[in-house]
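Asks: My questions all concern the structure below.
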Amino acid sequence: MWKWLHPYAAPEKAYQLSAKFLPWFAGLGFSLTLIGTIWGLIFAPADYQQGDSYRIIFIHVPAASLSMSLYVSMAVASFTGLVWQLKMADWAAASIAPVGAMMTFIALITGSFWGKPMWGTWWVWDARLTSELMQLFLYLGVIALYASFEDKVVAARAAGILAIVGVINIPIIKYSVEWWSSLHQGSTIKITEESAMTTDMLYPLLLNILGFGLIAGAIITLRFKAEVIERCSMRPWVKQLASQKNGAKDAI
Amino acid sequence: MNRHPNINISYTRAFLTILKRDISIAIRHRGDIFNPLLFFVMVITLFPLGVGPEPNVLARIAPGIIWVAALLSAMLSLERLFKADYNDGTLEQMLLSPQPLTVLVLAKILAHWLLTGIPLVLISPLLALLLNFESSAYIALIITLALGTPVLSLLGAIGVALTVGLNKGGVLLSLLILPLYIPVLIFATGAIDAAGMNLPYGGQLAIISAMLIGSLIMAPFAVGAALKVSTN
């Protein structure tokens with residue numbers, strides 16, 4: 001495993017690998033999201049209680065679940081970068097942070113669009129909503145801390161420590177609907193038991209979760225490539241890449 | 001002092017030395033202790049002027065006001081936790097010392113809490129009186145402050161340690177630390193509200209105690225790692 005992974009700790013290999021993955025992530029992600037969204041918004045049946053307004057679930061749930069899983073992956077990358085001093089892990093964490101913040105923002109906004117017809121209010125200070133807002137602040141803190149250091153090696157380490165400390169918020173979000181009796185509904189998708197949802201609603205939702213994940217992966221890979229190019233701009237392989245015919249296009 | 005023959009002093013002695021040193025420095029700069037406390041009192045006196053002196057309204061919002069003011073004054077006082085030591089090089093000497101950094105960091109945080117947290121706890125009954133607290137909530141206010149302010153010092157130290165090397169760390173500090181403070185705020189005000197209505201509030205106190213123990217165990221390591229990053 002280590003032997004197989006080891007070459008990818010070098011920026012050049014990591015760049016090539018992410019360049020190879022990028023079209024797959026982007027292509028699959030967009031097509032899955034397109035199918036899932038059309039299926040969910042047009043063909044899925046209306047909910048017996050919530051009518052048509054439940055359909056925002058197809059955007060809200062993928063974004064919300066990604067906001068948490070991206071935070072965890074950022075923290076894991078930061079931890080790897082801190083402990084094993086891998087530059088690639090630091091750069092990966094730096095490329096994940098803004099995407100995660102965006103997903104958190106989408107989850108909050110779509111949640112308030114859902115909240116207006118269902119609960120009659122755009123925002124309530126309920127446990128799930130408040131902890132998700134905290135999550136956004138944590139992302140912004142990590143991004144701001146990373147941006148405020150001149151030396152990006154130090155910046156990545158400082159932001160990494162903050163990212164690891166902030167993981168404490170993830171279980172709070174996850175279990176907030178169970179620990180506090182709140183306005184937000186409990187989870188409808190369960191991994192170990194049968195979901196509390198009919199399959200013709202569940203399948204488009206699962207497609208969208210996968211699709212959103214792949215799109216996030218594509219954006220992160222793109223940002224990661226840019227990060228590698230920026231940090232290695234003085235290296236010969238980057239100069240060679242830039243001097244190639246389509247170099248300028250490939251480099252981004 | 002220089003070239004001490006016995007360099008392997010015990011952890012307890014290293015801890016007490018740092019504690020005594022920080023306290024005596026603070027006593028010589030009294031502003032460091034009194035300014036955050038004055039700020040705390042000032043913010044609280046602004047609220048009755050701002051929302052009107054209606055006793056029922058004040059009693060309703062008092063727990064939140066006191067706790068938010070406590071968070072802000074903790075943030076104000078945290079700046080001095082490592083800044084002076086960073087500027088004059090003492091911090092690097094601490095990093096180089098053979099004693100584990102977590103012990104030294106814990107001593108500094110304890111000193112910070114003794115100097116800024118304890119005064120808040122002591123002055124809180126007076127503020128509760130001014131804000132027309134229910135008499136049953138006094139004890140809850142004092143206990144939540146006594147359990148909660150050390151958590152503020154411990155978590156805040158992480159943020160300060162991360163930003164100590166930056167010139168413009170002050171504003172950034174609030175963005176880093178306040179999200180981590182929110183759980184303490186929620187459970188502390190929840191406990192005081194429950195006490196005001198004569199309901200049991202042991203559960204909230206247990207959660208704040210759990211946060212205290214958790215941050216007591218883990219925060220010194222995070223602070224140590226952050227200081228190593230900041231001093232590079």
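Labeling convention for the structure tokens: chains A, B, ... as they appear, residues from 1 per chain, ligands from 1 in order of appearance.
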Please list as JSON, numbers by chain every residue within 9 Å of Phe30 (chain A), counting only C-alpha atoms and excluding residues in the same chain fewer than 2 positions away.

Replies: {"A": [25, 26, 27, 28, 32, 33, 34, 35, 211, 212, 214, 215]}

Asks: Neighbouring residues of Ser174 (chain B) were defined as those with any atom within 8 Å, considering only C-alpha atoms; residues of the same chain fewer than 4 positions away were excluded. Please report them as a list in words.

Replies: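 The contact residues come out as Met75, Gly170 and Leu178 of chain B.
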
Asks: Could the residues in this selection be written to a file with C-alpha atoms, as a PDB file, in the first residue's frame?

Replies:
ATOM      1  CA  MET B  75     -11.282  37.469  24.242  1.00  0.00           C
ATOM      2  CA  GLY B 170      -6.835  40.542  17.055  1.00  0.00           C
ATOM      3  CA  LEU B 178     -16.146  32.453  19.075  1.00  0.00           C
TER       4      LEU B 178
END

Asks: Select, as a list in words, those residues of chain B with any atom no more than 8 Å from chain A (distances computed using only C-alpha atoms).

Replies: Gly159, Leu162, Leu166, Leu172, Leu175, Leu176, Pro179, Leu180, Ala222, Ala225, Ala226, Val229, Ser230 and Asn232 of chain B

Asks: Write out as an MDAnalysis selection string each polymer residue whose atoms come within 10 Å of Gly190 (chain B), counting only C-alpha atoms; drop sequence neighbours fewer than 5 positions from it.

Replies: chainID B and resid 63:64 144 184:185 195:196 201 203:205

Asks: Region 48-62 of chain B: which residues within 6 Å, counting only C-alpha atoms, same-chain residues fewer than 6 positions away excluded, as a PDB file with C-alpha atoms, in the first residue's frame?

Replies:
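Dumped everything to part_7.pdb:
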ATOM      1  CA  LEU B 131     -30.010  42.980  36.247  1.00  0.00           C
ATOM      2  CA  ASN B 132     -32.836  41.853  38.534  1.00  0.00           C
ATOM      3  CA  PHE B 133     -32.006  38.133  38.533  1.00  0.00           C
TER       4      PHE B 133
END

Asks: Give me the region 35-92 of chain A side of the contact with region 3-16 of chain A, cut-off 10 Å, one line per residue showing its nearest atom pair and distance in Å at one decimal, counting only C-alpha atoms, sorted by chain and residue number, as JSON lines.

Replies:
{"residue": "A:Leu86", "atom": "CA", "partner": "A:Ala9", "partner_atom": "CA", "distance": 6.9}
{"residue": "A:Lys87", "atom": "CA", "partner": "A:Ala9", "partner_atom": "CA", "distance": 7.7}
{"residue": "A:Met88", "atom": "CA", "partner": "A:Ala9", "partner_atom": "CA", "distance": 6.2}
{"residue": "A:Ala89", "atom": "CA", "partner": "A:Ala9", "partner_atom": "CA", "distance": 8.5}

Asks: Write the residues of the preceding selection, restricted to C-alpha atoms, as an mmCIF file, in the first residue's frame.

Replies:
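The result, written out as part.cif:
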data_model
loop_
_atom_site.group_PDB
_atom_site.id
_atom_site.type_symbol
_atom_site.label_atom_id
_atom_site.label_comp_id
_atom_site.auth_asym_id
_atom_site.auth_seq_id
_atom_site.Cartn_x
_atom_site.Cartn_y
_atom_site.Cartn_z
ATOM 1 C CA LEU A 86 3.347 15.754 3.634
ATOM 2 C CA LYS A 87 3.044 18.934 1.608
ATOM 3 C CA MET A 88 0.438 17.361 -0.665
ATOM 4 C CA ALA A 89 -1.868 16.769 2.300
#

Asks: If we count only C-alpha atoms and set the cut-off at 8 Å, which residues sit around Gln50 (chain A), ignoring sequence neighbours fewer than 4 positions away in its own chain? Please answer as a VMD selection string.

Replies: chain A and resid 46 54 118

Asks: What's around Pro119 (chain B) at 12 Å? Count only C-alpha atoms, leave out sequence neighbours fewer than 2 positions away in its own chain, and write the answer as JSON, numbers by chain.

Replies: {"B": [33, 34, 35, 36, 37, 38, 40, 41, 70, 73, 74, 112, 113, 114, 115, 116, 117, 121, 122, 123, 124, 125, 126, 142, 145, 146, 149]}
